[in-house]
>>> print(open('protein-v7.pdb').read())   # PDB, C-alpha atoms and all ligand atoms
MODEL        1
ATOM      1  CA  MET A   1     -24.999 -55.359 -37.082
ATOM      2  CA  GLY A   2     -22.503 -53.090 -38.765
ATOM      3  CA  TYR A   3     -23.416 -50.382 -41.206
ATOM      4  CA  GLN A   4     -21.698 -47.804 -43.428
ATOM      5  CA  GLY A   5     -21.529 -44.525 -41.483
ATOM      6  CA  HIS A   6     -21.187 -41.079 -42.976
ATOM      7  CA  PHE A   7     -18.401 -39.016 -41.477
ATOM      8  CA  ARG A   8     -17.266 -35.485 -42.193
ATOM      9  CA  VAL A   9     -13.857 -34.780 -40.680
ATOM     10  CA  TRP A  10     -11.891 -31.535 -40.602
ATOM     11  CA  ARG A  11      -8.446 -31.956 -42.107
ATOM     12  CA  GLY A  12      -5.754 -29.348 -42.345
ATOM     13  CA  ASP A  13      -3.258 -27.422 -40.283
ATOM     14  CA  ALA A  14      -2.532 -23.916 -39.019
ATOM     15  CA  SER A  15      -2.453 -22.603 -42.576
ATOM     16  CA  GLY A  16      -5.987 -23.788 -43.334
ATOM     17  CA  GLY A  17      -8.091 -26.800 -44.175
ATOM     18  CA  GLY A  18     -11.622 -28.013 -44.623
ATOM     19  CA  LEU A  19     -14.158 -30.780 -44.104
ATOM     20  CA  GLN A  20     -13.742 -34.067 -45.949
ATOM     21  CA  ASP A  21     -16.437 -36.719 -46.367
ATOM     22  CA  PHE A  22     -15.842 -40.382 -45.674
ATOM     23  CA  THR A  23     -17.967 -43.502 -45.668
ATOM     24  CA  VAL A  24     -16.695 -45.893 -43.051
ATOM     25  CA  GLU A  25     -17.815 -49.070 -41.331
ATOM     26  CA  VAL A  26     -19.441 -48.718 -37.925
ATOM     27  CA  ASN A  27     -20.040 -51.693 -35.634
ATOM     28  CA  GLU A  28     -22.291 -52.218 -32.670
ATOM     29  CA  GLY A  29     -20.967 -50.844 -29.387
ATOM     30  CA  GLU A  30     -18.422 -48.512 -30.982
ATOM     31  CA  VAL A  31     -17.574 -44.971 -30.002
ATOM     32  CA  VAL A  32     -16.569 -42.143 -32.351
ATOM     33  CA  LEU A  33     -12.864 -42.726 -31.592
ATOM     34  CA  ASP A  34     -13.182 -46.333 -32.848
ATOM     35  CA  VAL A  35     -14.453 -45.055 -36.168
ATOM     36  CA  ILE A  36     -11.710 -42.425 -36.381
ATOM     37  CA  HIS A  37      -9.175 -45.203 -35.776
ATOM     38  CA  ARG A  38     -10.785 -47.291 -38.529
ATOM     39  CA  LEU A  39     -10.503 -44.300 -40.845
ATOM     40  CA  GLN A  40      -6.799 -44.069 -40.020
ATOM     41  CA  ALA A  41      -6.364 -47.808 -40.622
ATOM     42  CA  THR A  42      -8.218 -47.960 -43.908
ATOM     43  CA  GLN A  43      -8.359 -44.576 -45.656
ATOM     44  CA  THR A  44      -6.371 -41.774 -44.007
ATOM     45  CA  ALA A  45      -3.208 -43.147 -42.434
ATOM     46  CA  ASP A  46      -1.949 -39.645 -41.669
ATOM     47  CA  LEU A  47      -5.103 -38.353 -39.928
ATOM     48  CA  ALA A  48      -3.927 -36.710 -36.674
ATOM     49  CA  VAL A  49      -5.922 -37.367 -33.505
ATOM     50  CA  ARG A  50      -4.783 -37.202 -29.878
ATOM     51  CA  TRP A  51      -5.869 -39.932 -27.515
ATOM     52  CA  ASN A  52      -4.499 -42.138 -24.760
ATOM     53  CA  CYS A  53      -6.835 -44.025 -22.466
ATOM     54  CA  LYS A  54     -10.014 -44.644 -24.467
ATOM     55  CA  ALA A  55     -11.769 -44.639 -21.106
ATOM     56  CA  GLY A  56     -12.717 -41.006 -20.502
ATOM     57  CA  LYS A  57      -9.917 -40.490 -18.019
ATOM     58  CA  CYS A  58      -6.911 -38.922 -19.732
ATOM     59  CA  GLY A  59      -8.686 -35.921 -21.270
ATOM     60  CA  SER A  60      -6.705 -36.191 -24.527
ATOM     61  CA  CYS A  61      -9.360 -36.915 -27.145
ATOM     62  CA  SER A  62     -11.340 -33.673 -26.843
ATOM     63  CA  ALA A  63     -12.875 -32.436 -30.087
ATOM     64  CA  GLU A  64     -16.234 -31.258 -31.392
ATOM     65  CA  ILE A  65     -18.848 -33.640 -32.711
ATOM     66  CA  ASN A  66     -21.654 -32.017 -34.680
ATOM     67  CA  GLY A  67     -20.456 -28.729 -33.187
ATOM     68  CA  ARG A  68     -20.615 -29.868 -29.582
ATOM     69  CA  PRO A  69     -17.455 -30.184 -27.440
ATOM     70  CA  ARG A  70     -17.111 -33.864 -26.489
ATOM     71  CA  LEU A  71     -14.660 -36.662 -25.762
ATOM     72  CA  LEU A  72     -14.261 -38.836 -28.878
ATOM     73  CA  CYS A  73     -13.818 -41.934 -26.737
ATOM     74  CA  MET A  74     -16.959 -41.409 -24.683
ATOM     75  CA  THR A  75     -19.374 -40.573 -27.471
ATOM     76  CA  ARG A  76     -21.214 -43.695 -28.519
ATOM     77  CA  MET A  77     -22.121 -44.117 -32.159
ATOM     78  CA  SER A  78     -25.544 -45.302 -31.004
ATOM     79  CA  VAL A  79     -26.537 -41.716 -30.178
ATOM     80  CA  PHE A  80     -26.562 -40.941 -33.917
ATOM     81  CA  ALA A  81     -28.988 -42.230 -36.522
ATOM     82  CA  GLU A  82     -27.361 -44.630 -39.023
ATOM     83  CA  ASP A  83     -27.987 -42.241 -41.906
ATOM     84  CA  GLU A  84     -26.833 -39.158 -39.989
ATOM     85  CA  VAL A  85     -23.650 -37.370 -41.040
ATOM     86  CA  VAL A  86     -21.318 -37.219 -38.045
ATOM     87  CA  THR A  87     -19.100 -34.150 -38.268
ATOM     88  CA  VAL A  88     -15.863 -34.180 -36.283
ATOM     89  CA  THR A  89     -13.851 -30.980 -35.943
ATOM     90  CA  PRO A  90     -10.992 -29.846 -33.684
ATOM     91  CA  MET A  91     -11.712 -27.727 -30.598
ATOM     92  CA  ARG A  92     -12.446 -24.278 -31.943
ATOM     93  CA  THR A  93     -11.010 -22.196 -29.119
ATOM     94  CA  PHE A  94      -7.428 -23.434 -29.491
ATOM     95  CA  PRO A  95      -5.062 -23.172 -32.469
ATOM     96  CA  VAL A  96      -5.028 -26.192 -34.763
ATOM     97  CA  ILE A  97      -1.782 -28.122 -35.051
ATOM     98  CA  ARG A  98      -3.096 -30.691 -37.519
ATOM     99  CA  ASP A  99      -6.469 -32.266 -38.252
ATOM    100  CA  LEU A 100      -8.167 -32.955 -34.898
ATOM    101  CA  VAL A 101      -5.191 -31.997 -32.758
ATOM    102  CA  THR A 102      -5.082 -28.542 -31.185
ATOM    103  CA  ASP A 103      -2.432 -26.661 -29.264
ATOM    104  CA  VAL A 104      -3.817 -26.398 -25.729
ATOM    105  CA  SER A 105      -0.826 -24.597 -24.209
ATOM    106  CA  TYR A 106      -3.070 -21.629 -23.281
ATOM    107  CA  ASN A 107      -4.380 -23.871 -20.519
ATOM    108  CA  TYR A 108      -0.951 -24.754 -19.178
ATOM    109  CA  GLU A 109      -0.018 -21.089 -19.134
ATOM    110  CA  LYS A 110      -3.148 -20.295 -17.114
ATOM    111  CA  ALA A 111      -2.395 -23.140 -14.705
ATOM    112  CA  ARG A 112       1.070 -21.754 -14.052
ATOM    113  CA  GLU A 113      -0.335 -18.339 -13.147
ATOM    114  CA  ILE A 114      -2.136 -19.711 -10.076
ATOM    115  CA  PRO A 115      -0.003 -19.773  -6.911
ATOM    116  CA  ALA A 116       0.247 -23.250  -5.365
ATOM    117  CA  PHE A 117      -1.629 -24.448  -2.272
ATOM    118  CA  SER A 118      -0.279 -22.465   0.702
ATOM    119  CA  PRO A 119      -0.862 -24.138   4.068
ATOM    120  CA  PRO A 120       0.363 -22.501   7.291
ATOM    121  CA  LYS A 121       3.945 -23.243   8.198
ATOM    122  CA  GLY A 122       4.454 -26.084  10.633
ATOM    123  CA  VAL A 123       1.282 -28.078   9.926
ATOM    124  CA  ALA A 124       2.396 -31.680   9.597
ATOM    125  CA  PRO A 125       0.364 -34.480   8.010
ATOM    126  CA  GLY A 126      -2.219 -35.591  10.572
ATOM    127  CA  ASP A 127      -2.189 -32.292  12.486
ATOM    128  CA  TYR A 128      -5.423 -31.105  10.990
ATOM    129  CA  ARG A 129      -8.780 -32.787  10.473
ATOM    130  CA  MET A 130     -10.769 -31.466   7.539
ATOM    131  CA  SER A 131     -14.521 -31.452   7.835
ATOM    132  CA  GLN A 132     -16.342 -33.773   5.460
ATOM    133  CA  VAL A 133     -17.933 -30.941   3.500
ATOM    134  CA  ASP A 134     -14.493 -29.495   2.712
ATOM    135  CA  VAL A 135     -13.211 -32.917   1.660
ATOM    136  CA  GLU A 136     -16.162 -33.501  -0.648
ATOM    137  CA  ARG A 137     -15.837 -30.092  -2.275
ATOM    138  CA  SER A 138     -12.176 -30.669  -3.118
ATOM    139  CA  GLN A 139     -12.921 -34.181  -4.333
ATOM    140  CA  GLU A 140     -15.536 -32.929  -6.741
ATOM    141  CA  PHE A 141     -13.184 -30.360  -8.267
ATOM    142  CA  ARG A 142     -10.366 -32.900  -8.422
ATOM    143  CA  LYS A 143     -12.357 -35.212 -10.648
ATOM    144  CA  CYS A 144     -11.236 -32.856 -13.434
ATOM    145  CA  ILE A 145      -9.408 -34.779 -16.190
ATOM    146  CA  GLU A 146      -8.160 -31.574 -17.856
ATOM    147  CA  CYS A 147      -9.910 -32.253 -21.118
ATOM    148  CA  PHE A 148     -10.408 -28.482 -21.538
ATOM    149  CA  LEU A 149     -13.851 -28.942 -23.060
ATOM    150  CA  CYS A 150     -15.171 -26.345 -20.607
ATOM    151  CA  GLN A 151     -12.493 -23.928 -21.768
ATOM    152  CA  ASP A 152     -13.368 -24.705 -25.383
ATOM    153  CA  THR A 153     -17.062 -23.992 -24.927
ATOM    154  CA  CYS A 154     -16.922 -20.836 -22.804
ATOM    155  CA  HIS A 155     -18.126 -17.963 -24.973
ATOM    156  CA  VAL A 156     -15.749 -15.517 -23.241
ATOM    157  CA  ILE A 157     -12.815 -16.972 -25.193
ATOM    158  CA  ARG A 158     -14.518 -19.011 -27.937
ATOM    159  CA  ASP A 159     -14.156 -16.728 -30.958
ATOM    160  CA  HIS A 160     -12.642 -14.070 -28.686
ATOM    161  CA  GLU A 161      -8.911 -14.466 -28.870
ATOM    162  CA  GLU A 162      -8.584 -10.974 -27.408
ATOM    163  CA  ASN A 163     -10.023 -12.149 -24.066
ATOM    164  CA  LYS A 164      -7.568 -14.974 -23.562
ATOM    165  CA  GLU A 165      -4.948 -12.924 -21.818
ATOM    166  CA  ALA A 166      -7.397 -11.572 -19.237
ATOM    167  CA  PHE A 167      -9.403 -14.761 -18.608
ATOM    168  CA  ALA A 168      -8.290 -17.994 -16.962
ATOM    169  CA  GLY A 169     -11.410 -19.904 -18.059
ATOM    170  CA  PRO A 170     -13.765 -22.087 -16.028
ATOM    171  CA  ARG A 171     -11.267 -24.884 -15.346
ATOM    172  CA  PHE A 172      -8.769 -22.532 -13.737
ATOM    173  CA  LEU A 173     -11.276 -20.284 -11.994
ATOM    174  CA  MET A 174     -12.477 -23.552 -10.460
ATOM    175  CA  ARG A 175      -8.914 -24.285  -9.329
ATOM    176  CA  ILE A 176      -8.760 -20.861  -7.670
ATOM    177  CA  ALA A 177     -12.135 -21.548  -6.004
ATOM    178  CA  GLU A 178     -10.901 -24.915  -4.769
ATOM    179  CA  LEU A 179      -7.862 -23.340  -3.123
ATOM    180  CA  GLU A 180      -9.766 -20.303  -1.843
ATOM    181  CA  MET A 181     -12.334 -22.534  -0.132
ATOM    182  CA  HIS A 182      -9.723 -24.908   1.259
ATOM    183  CA  PRO A 183      -9.663 -24.409   5.038
ATOM    184  CA  LEU A 184      -5.875 -24.538   5.236
ATOM    185  CA  ASP A 185      -4.997 -22.325   2.305
ATOM    186  CA  GLU A 186      -3.612 -19.008   3.498
ATOM    187  CA  ALA A 187      -3.004 -17.250   0.197
ATOM    188  CA  ASP A 188      -5.144 -14.263  -0.639
ATOM    189  CA  ARG A 189      -6.717 -15.241  -3.952
ATOM    190  CA  LEU A 190      -9.792 -13.061  -4.284
ATOM    191  CA  ASP A 191      -8.306  -9.856  -5.665
ATOM    192  CA  ALA A 192      -6.282 -11.794  -8.223
ATOM    193  CA  ALA A 193      -9.368 -13.811  -9.242
ATOM    194  CA  ARG A 194     -11.043 -10.560 -10.183
ATOM    195  CA  THR A 195      -8.132  -8.607 -11.615
ATOM    196  CA  GLU A 196      -5.686 -11.137 -13.098
ATOM    197  CA  HIS A 197      -7.903 -14.126 -13.857
ATOM    198  CA  GLY A 198     -10.998 -12.349 -15.180
ATOM    199  CA  LEU A 199     -13.677 -13.766 -12.891
ATOM    200  CA  GLY A 200     -15.930 -10.819 -13.774
ATOM    201  CA  LEU A 201     -15.980 -11.843 -17.448
ATOM    202  CA  CYS A 202     -17.896 -15.006 -16.535
ATOM    203  CA  ASN A 203     -21.593 -14.236 -16.699
ATOM    204  CA  ILE A 204     -22.603 -17.674 -15.404
ATOM    205  CA  THR A 205     -24.066 -19.040 -18.627
ATOM    206  CA  LYS A 206     -23.213 -22.556 -17.338
ATOM    207  CA  CYS A 207     -22.159 -23.873 -20.765
ATOM    208  CA  CYS A 208     -18.965 -25.101 -19.102
ATOM    209  CA  THR A 209     -20.967 -27.250 -16.677
ATOM    210  CA  GLU A 210     -23.057 -28.686 -19.508
ATOM    211  CA  VAL A 211     -20.070 -30.086 -21.410
ATOM    212  CA  CYS A 212     -18.008 -31.370 -18.477
ATOM    213  CA  PRO A 213     -17.590 -35.143 -18.921
ATOM    214  CA  GLU A 214     -16.997 -35.528 -15.186
ATOM    215  CA  HIS A 215     -20.281 -33.737 -14.423
ATOM    216  CA  ILE A 216     -18.561 -31.267 -12.137
ATOM    217  CA  LYS A 217     -20.932 -28.453 -11.200
ATOM    218  CA  ILE A 218     -18.339 -25.878 -12.225
ATOM    219  CA  THR A 219     -20.660 -22.875 -12.187
ATOM    220  CA  ASP A 220     -22.798 -23.624  -9.139
ATOM    221  CA  ASN A 221     -20.132 -25.088  -6.895
ATOM    222  CA  ALA A 222     -17.023 -23.142  -7.913
ATOM    223  CA  LEU A 223     -17.653 -19.998  -9.942
ATOM    224  CA  ILE A 224     -20.706 -18.633  -8.135
ATOM    225  CA  PRO A 225     -19.270 -19.199  -4.619
ATOM    226  CA  LEU A 226     -16.042 -17.540  -5.780
ATOM    227  CA  LYS A 227     -17.994 -14.580  -7.128
ATOM    228  CA  GLU A 228     -19.881 -14.337  -3.820
ATOM    229  CA  ARG A 229     -16.638 -14.230  -1.888
ATOM    230  CA  VAL A 230     -15.269 -11.512  -4.145
ATOM    231  CA  ALA A 231     -18.491  -9.501  -3.711
ATOM    232  CA  ASP A 232     -18.444  -9.953   0.085
ATOM    233  CA  ARG A 233     -14.870  -8.771   0.203
ATOM    234  CA  ARG A 234     -15.565  -5.731  -1.873
ATOM    235  CA  TYR A 235     -18.627  -4.667   0.055
ATOM    236  CA  ASP A 236     -17.453  -5.658   3.472
ATOM    237  CA  PRO A 237     -13.744  -6.183   4.116
ATOM    238  CA  VAL A 238     -14.456  -6.935   7.793
ATOM    239  CA  VAL A 239     -16.649  -9.913   6.874
ATOM    240  CA  TRP A 240     -13.852 -11.178   4.644
ATOM    241  CA  LEU A 241     -11.250 -10.840   7.399
ATOM    242  CA  GLY A 242     -13.610 -12.588   9.828
ATOM    243  CA  ASN A 243     -14.095 -15.466   7.387
ATOM    244  CA  LYS A 244     -10.384 -15.901   6.986
ATOM    245  CA  LEU A 245      -9.705 -15.776  10.731
ATOM    246  CA  PHE A 246     -12.561 -17.813  12.122
ATOM    247  CA  ARG A 247     -13.256 -20.531   9.664
ATOM    248  CA  ARG A 248     -10.457 -22.744  10.938
TER
HETATM  249 FE1  LIG B 301     -12.830 -31.120 -18.554
HETATM  250 FE2  LIG B 301     -14.678 -30.771 -16.639
HETATM  251 FE3  LIG B 301     -12.073 -30.471 -16.081
HETATM  252 FE4  LIG B 301     -13.341 -28.670 -17.591
HETATM  253  S1  LIG B 301     -13.724 -29.116 -15.415
HETATM  254  S2  LIG B 301     -11.314 -29.525 -17.963
HETATM  255  S3  LIG B 301     -14.755 -29.959 -18.734
HETATM  256  S4  LIG B 301     -13.104 -32.343 -16.702
HETATM  257 FE1  LIG B 302     -17.955 -19.344 -19.279
HETATM  258 FE2  LIG B 302     -18.857 -21.159 -17.594
HETATM  259 FE3  LIG B 302     -18.875 -18.654 -16.916
HETATM  260  S1  LIG B 302     -19.143 -21.115 -19.789
HETATM  261  S2  LIG B 302     -19.219 -17.598 -18.814
HETATM  262  S3  LIG B 302     -17.115 -19.834 -17.322
HETATM  263  S4  LIG B 302     -20.377 -20.162 -16.392
HETATM  264 FE1  LIG B 303      -8.577 -40.606 -22.780
HETATM  265 FE2  LIG B 303     -10.601 -40.083 -24.465
HETATM  266  S1  LIG B 303      -8.766 -41.147 -24.896
HETATM  267  S2  LIG B 303     -10.333 -39.373 -22.437
ENDMDL
END
>>> encode(input="protein-v7.pdb", output="structure tokens")
Amino acid sequence: MGYQGHFRVWRGDASGGGLQDFTVEVNEGEVVLDVIHRLQATQTADLAVRWNCKAGKCGSCSAEINGRPRLLCMTRMSVFAEDEVVTVTPMRTFPVIRDLVTDVSYNYEKAREIPAFSPPKGVAPGDYRMSQVDVERSQEFRKCIECFLCQDTCHVIRDHEENKEAFAGPRFLMRIAELEMHPLDEADRLDAARTEHGLGLCNITKCCTEVCPEHIKITDNALIPLKERVADRRYDPVVWLGNKLFRR
């Protein structure tokens, strides 16, 4: 059975804006993005929202629902009471372009700062067998859909614009961890993780892990192991050299 839902949606642009209230039809089985689309169709034709797949796979529809970073297309209306006001706002950590759409180019800049996978010269496809544990680790990290909800929630840059330059954020520290732990990657990534990408600013609050729609254990499986490797290197360079030389 449908009902009249109460929505509060942030509208505006880089120069400012505010929350607007709407009453809009909600039907059984719908997600928040369905209701936003109905708002566009019936009351606010110019409401800006970014989306693509409506299946939790493209990472486009990231926003905040009742203050919590979430995918609009994967948040069922059934998790809210019928008389509850559902507040939808753009991701707070990134500059607003318009309404629910933010400029996430910070993330692309951080991605570009990480040197690509660097295998040894002369290794052809099929020359090397990866152990299962290495395969599974990479597969977990590669489930990332680049929704940037983890980046949005991390307190190091949320409300701290001044930290953005020095901090790659959980998604990209995870990328560094993935490459650093890859048995064929030869690049030296640990010093840069600490100095250029701000690994030390992460104090393992795990908020990033909590909001990840792919349930990647960002903190436990990427950030903490990366921190351990940096610590090992700093305390014992010989252990680090041994790890690099003998783990193949
Ligand atoms: Fe989104 Fe998770 Fe990837 Fe972060 S790690 S960008 S929360 S899918
Ligand atoms: Fe931020 Fe995640 Fe670390 S939320 S502080 S990157 S554990
Ligand atoms: Fe693709 Fe939501 S529209 S993840």
>>> residues_near_ligand(input="protein-v7.pdb", ligand="ligand LIG 302 (chain B)", cutoff="9 Å", atoms="all atoms listed in the file", output="PyMOL selection string")
chain A and resi 150-157+169-171+173+199-210+218-220+223-224
>>> atom_distance(input="protein-v7.pdb", atom1="atom CA of Ser62 of chain A", atom2="atom CA of Val31 of chain A")
13.3 Å
>>> closest_residue(input="protein-v7.pdb", among="A:Gly5, A:Gly59, A:Gly122, A:Pro213", to="Ala81 of chain A", atoms="only C-alpha atoms")
A:Gly5
>>> resolve_selection(input="protein-v7.pdb", expression="the PyMOL selection byres (((chain A and resi 183) around 12) and not hetatm)", output="ChimeraX atom specification")
/A:117-120,128-135,137-138,177-182,184-187,243-248
>>> write_last_selection(input="protein-v7.pdb", atoms="C-alpha atoms", output="PDB file, in the frame of the given file")
ATOM      1  CA  PHE A 117      -1.629 -24.448  -2.272  1.00  0.00           C
ATOM      2  CA  SER A 118      -0.279 -22.465   0.702  1.00  0.00           C
ATOM      3  CA  PRO A 119      -0.862 -24.138   4.068  1.00  0.00           C
ATOM      4  CA  PRO A 120       0.363 -22.501   7.291  1.00  0.00           C
ATOM      5  CA  TYR A 128      -5.423 -31.105  10.990  1.00  0.00           C
ATOM      6  CA  ARG A 129      -8.780 -32.787  10.473  1.00  0.00           C
ATOM      7  CA  MET A 130     -10.769 -31.466   7.539  1.00  0.00           C
ATOM      8  CA  SER A 131     -14.521 -31.452   7.835  1.00  0.00           C
ATOM      9  CA  GLN A 132     -16.342 -33.773   5.460  1.00  0.00           C
ATOM     10  CA  VAL A 133     -17.933 -30.941   3.500  1.00  0.00           C
ATOM     11  CA  ASP A 134     -14.493 -29.495   2.712  1.00  0.00           C
ATOM     12  CA  VAL A 135     -13.211 -32.917   1.660  1.00  0.00           C
ATOM     13  CA  ARG A 137     -15.837 -30.092  -2.275  1.00  0.00           C
ATOM     14  CA  SER A 138     -12.176 -30.669  -3.118  1.00  0.00           C
ATOM     15  CA  ALA A 177     -12.135 -21.548  -6.004  1.00  0.00           C
ATOM     16  CA  GLU A 178     -10.901 -24.915  -4.769  1.00  0.00           C
ATOM     17  CA  LEU A 179      -7.862 -23.340  -3.123  1.00  0.00           C
ATOM     18  CA  GLU A 180      -9.766 -20.303  -1.843  1.00  0.00           C
ATOM     19  CA  MET A 181     -12.334 -22.534  -0.132  1.00  0.00           C
ATOM     20  CA  HIS A 182      -9.723 -24.908   1.259  1.00  0.00           C
ATOM     21  CA  LEU A 184      -5.875 -24.538   5.236  1.00  0.00           C
ATOM     22  CA  ASP A 185      -4.997 -22.325   2.305  1.00  0.00           C
ATOM     23  CA  GLU A 186      -3.612 -19.008   3.498  1.00  0.00           C
ATOM     24  CA  ALA A 187      -3.004 -17.250   0.197  1.00  0.00           C
ATOM     25  CA  ASN A 243     -14.095 -15.466   7.387  1.00  0.00           C
ATOM     26  CA  LYS A 244     -10.384 -15.901   6.986  1.00  0.00           C
ATOM     27  CA  LEU A 245      -9.705 -15.776  10.731  1.00  0.00           C
ATOM     28  CA  PHE A 246     -12.561 -17.813  12.122  1.00  0.00           C
ATOM     29  CA  ARG A 247     -13.256 -20.531   9.664  1.00  0.00           C
ATOM     30  CA  ARG A 248     -10.457 -22.744  10.938  1.00  0.00           C
TER      31      ARG A 248
END
>>> residues_near_ligand(input="protein-v7.pdb", ligand="ligand LIG 301 (chain B)", cutoff="6 Å", atoms="only C-alpha atoms and all ligand atoms", output="PDB file with C-alpha atoms, in the frame of the given file")
ATOM      1  CA  CYS A 144     -11.236 -32.856 -13.434  1.00  0.00           C
ATOM      2  CA  ILE A 145      -9.408 -34.779 -16.190  1.00  0.00           C
ATOM      3  CA  GLU A 146      -8.160 -31.574 -17.856  1.00  0.00           C
ATOM      4  CA  CYS A 147      -9.910 -32.253 -21.118  1.00  0.00           C
ATOM      5  CA  PHE A 148     -10.408 -28.482 -21.538  1.00  0.00           C
ATOM      6  CA  LEU A 149     -13.851 -28.942 -23.060  1.00  0.00           C
ATOM      7  CA  CYS A 150     -15.171 -26.345 -20.607  1.00  0.00           C
ATOM      8  CA  ARG A 171     -11.267 -24.884 -15.346  1.00  0.00           C
ATOM      9  CA  VAL A 211     -20.070 -30.086 -21.410  1.00  0.00           C
ATOM     10  CA  CYS A 212     -18.008 -31.370 -18.477  1.00  0.00           C
ATOM     11  CA  PRO A 213     -17.590 -35.143 -18.921  1.00  0.00           C
ATOM     12  CA  GLU A 214     -16.997 -35.528 -15.186  1.00  0.00           C
ATOM     13  CA  ILE A 216     -18.561 -31.267 -12.137  1.00  0.00           C
TER      14      ILE A 216
END
>>> closest_atom_pairs(input="protein-v7.pdb", of="chain A", to="ligand LIG 303 (chain B)", cutoff="7 Å", atoms="only C-alpha atoms and all ligand atoms", output="Markdown table")
| residue | atom | partner | partner_atom | distance |
| --- | --- | --- | --- | --- |
| A:Trp51 | CA | B:LIG303 | S1 | 4.1 |
| A:Asn52 | CA | B:LIG303 | S1 | 4.4 |
| A:Cys53 | CA | B:LIG303 | FE1 | 3.9 |
| A:Lys54 | CA | B:LIG303 | S1 | 3.7 |
| A:Ala55 | CA | B:LIG303 | FE1 | 5.4 |
| A:Gly56 | CA | B:LIG303 | S2 | 3.5 |
| A:Lys57 | CA | B:LIG303 | S2 | 4.6 |
| A:Cys58 | CA | B:LIG303 | FE1 | 3.9 |
| A:Gly59 | CA | B:LIG303 | S2 | 4.0 |
| A:Ser60 | CA | B:LIG303 | FE1 | 5.1 |
| A:Cys61 | CA | B:LIG303 | FE2 | 4.3 |
| A:Ser62 | CA | B:LIG303 | FE2 | 6.9 |
| A:Leu71 | CA | B:LIG303 | FE2 | 5.5 |
| A:Leu72 | CA | B:LIG303 | FE2 | 5.9 |
| A:Cys73 | CA | B:LIG303 | FE2 | 4.4 |
| A:Met74 | CA | B:LIG303 | FE2 | 6.5 |
>>> write_last_selection(input="protein-v7.pdb", atoms="C-alpha atoms", output="JSON list (two decimals), in the coordinates of the input")
[["chain", "number", "residue", "atom", "x", "y", "z"],
["A", 51, "TRP", "CA", -5.87, -39.93, -27.52],
["A", 52, "ASN", "CA", -4.50, -42.14, -24.76],
["A", 53, "CYS", "CA", -6.84, -44.02, -22.47],
["A", 54, "LYS", "CA", -10.01, -44.64, -24.47],
["A", 55, "ALA", "CA", -11.77, -44.64, -21.11],
["A", 56, "GLY", "CA", -12.72, -41.01, -20.50],
["A", 57, "LYS", "CA", -9.92, -40.49, -18.02],
["A", 58, "CYS", "CA", -6.91, -38.92, -19.73],
["A", 59, "GLY", "CA", -8.69, -35.92, -21.27],
["A", 60, "SER", "CA", -6.70, -36.19, -24.53],
["A", 61, "CYS", "CA", -9.36, -36.92, -27.14],
["A", 62, "SER", "CA", -11.34, -33.67, -26.84],
["A", 71, "LEU", "CA", -14.66, -36.66, -25.76],
["A", 72, "LEU", "CA", -14.26, -38.84, -28.88],
["A", 73, "CYS", "CA", -13.82, -41.93, -26.74],
["A", 74, "MET", "CA", -16.96, -41.41, -24.68]]
>>> atom_distance(input="protein-v7.pdb", atom1="atom CA of Leu47 of chain A", atom2="atom CA of Asp99 of chain A")
6.5 Å
>>> resolve_selection(input="protein-v7.pdb", expression="the PyMOL selection byres (((chain A and resi 197) around 8) and not hetatm)", output="list in words")
Ala166, Phe167, Ala168, Gly169, Leu173, Ala192, Ala193, Arg194, Thr195, Glu196, Gly198 and Leu199 of chain A
>>> closest_residue(input="protein-v7.pdb", among="A:Val88, A:Val32, A:Met77, A:Leu39", to="Gly18 of chain A", atoms="only C-alpha atoms")
A:Val88
>>> atom_distance(input="protein-v7.pdb", atom1="atom CA of Tyr106 of chain A", atom2="atom CA of Ala222 of chain A")
20.8 Å
>>> decode(input="protein-v7.pdb", residues="segment 63-72 of chain A", atoms="N, CA and C atoms", output="PDB file, in the first residue's frame")
ATOM      1  N   ALA A  63      24.897  10.005  -1.435  1.00  0.00           N
ATOM      2  CA  ALA A  63      24.393  11.215  -0.778  1.00  0.00           C
ATOM      3  C   ALA A  63      24.293  10.898   0.710  1.00  0.00           C
ATOM      4  N   GLU A  64      23.612  11.757   1.450  1.00  0.00           N
ATOM      5  CA  GLU A  64      23.449  11.485   2.884  1.00  0.00           C
ATOM      6  C   GLU A  64      21.963  11.452   3.208  1.00  0.00           C
ATOM      7  N   ILE A  65      21.562  10.401   3.876  1.00  0.00           N
ATOM      8  CA  ILE A  65      20.151  10.235   4.228  1.00  0.00           C
ATOM      9  C   ILE A  65      20.057  10.259   5.746  1.00  0.00           C
ATOM     10  N   ASN A  66      19.319  11.217   6.251  1.00  0.00           N
ATOM     11  CA  ASN A  66      19.265  11.457   7.707  1.00  0.00           C
ATOM     12  C   ASN A  66      20.675  11.548   8.286  1.00  0.00           C
ATOM     13  N   GLY A  67      21.561  12.208   7.535  1.00  0.00           N
ATOM     14  CA  GLY A  67      22.919  12.479   8.000  1.00  0.00           C
ATOM     15  C   GLY A  67      23.899  11.347   7.806  1.00  0.00           C
ATOM     16  N   ARG A  68      23.446  10.227   7.255  1.00  0.00           N
ATOM     17  CA  ARG A  68      24.335   9.085   7.110  1.00  0.00           C
ATOM     18  C   ARG A  68      24.687   8.884   5.629  1.00  0.00           C
ATOM     19  N   PRO A  69      25.986   8.756   5.305  1.00  0.00           N
ATOM     20  CA  PRO A  69      26.371   8.541   3.911  1.00  0.00           C
ATOM     21  C   PRO A  69      25.827   7.206   3.378  1.00  0.00           C
ATOM     22  N   ARG A  70      25.052   7.280   2.286  1.00  0.00           N
ATOM     23  CA  ARG A  70      24.426   6.065   1.754  1.00  0.00           C
ATOM     24  C   ARG A  70      24.211   6.193   0.250  1.00  0.00           C
ATOM     25  N   LEU A  71      23.999   5.041  -0.398  1.00  0.00           N
ATOM     26  CA  LEU A  71      23.579   5.047  -1.797  1.00  0.00           C
ATOM     27  C   LEU A  71      22.067   5.256  -1.840  1.00  0.00           C
ATOM     28  N   LEU A  72      21.603   6.214  -2.647  1.00  0.00           N
ATOM     29  CA  LEU A  72      20.158   6.465  -2.738  1.00  0.00           C
ATOM     30  C   LEU A  72      19.421   5.261  -3.314  1.00  0.00           C
TER      31      LEU A  72
END
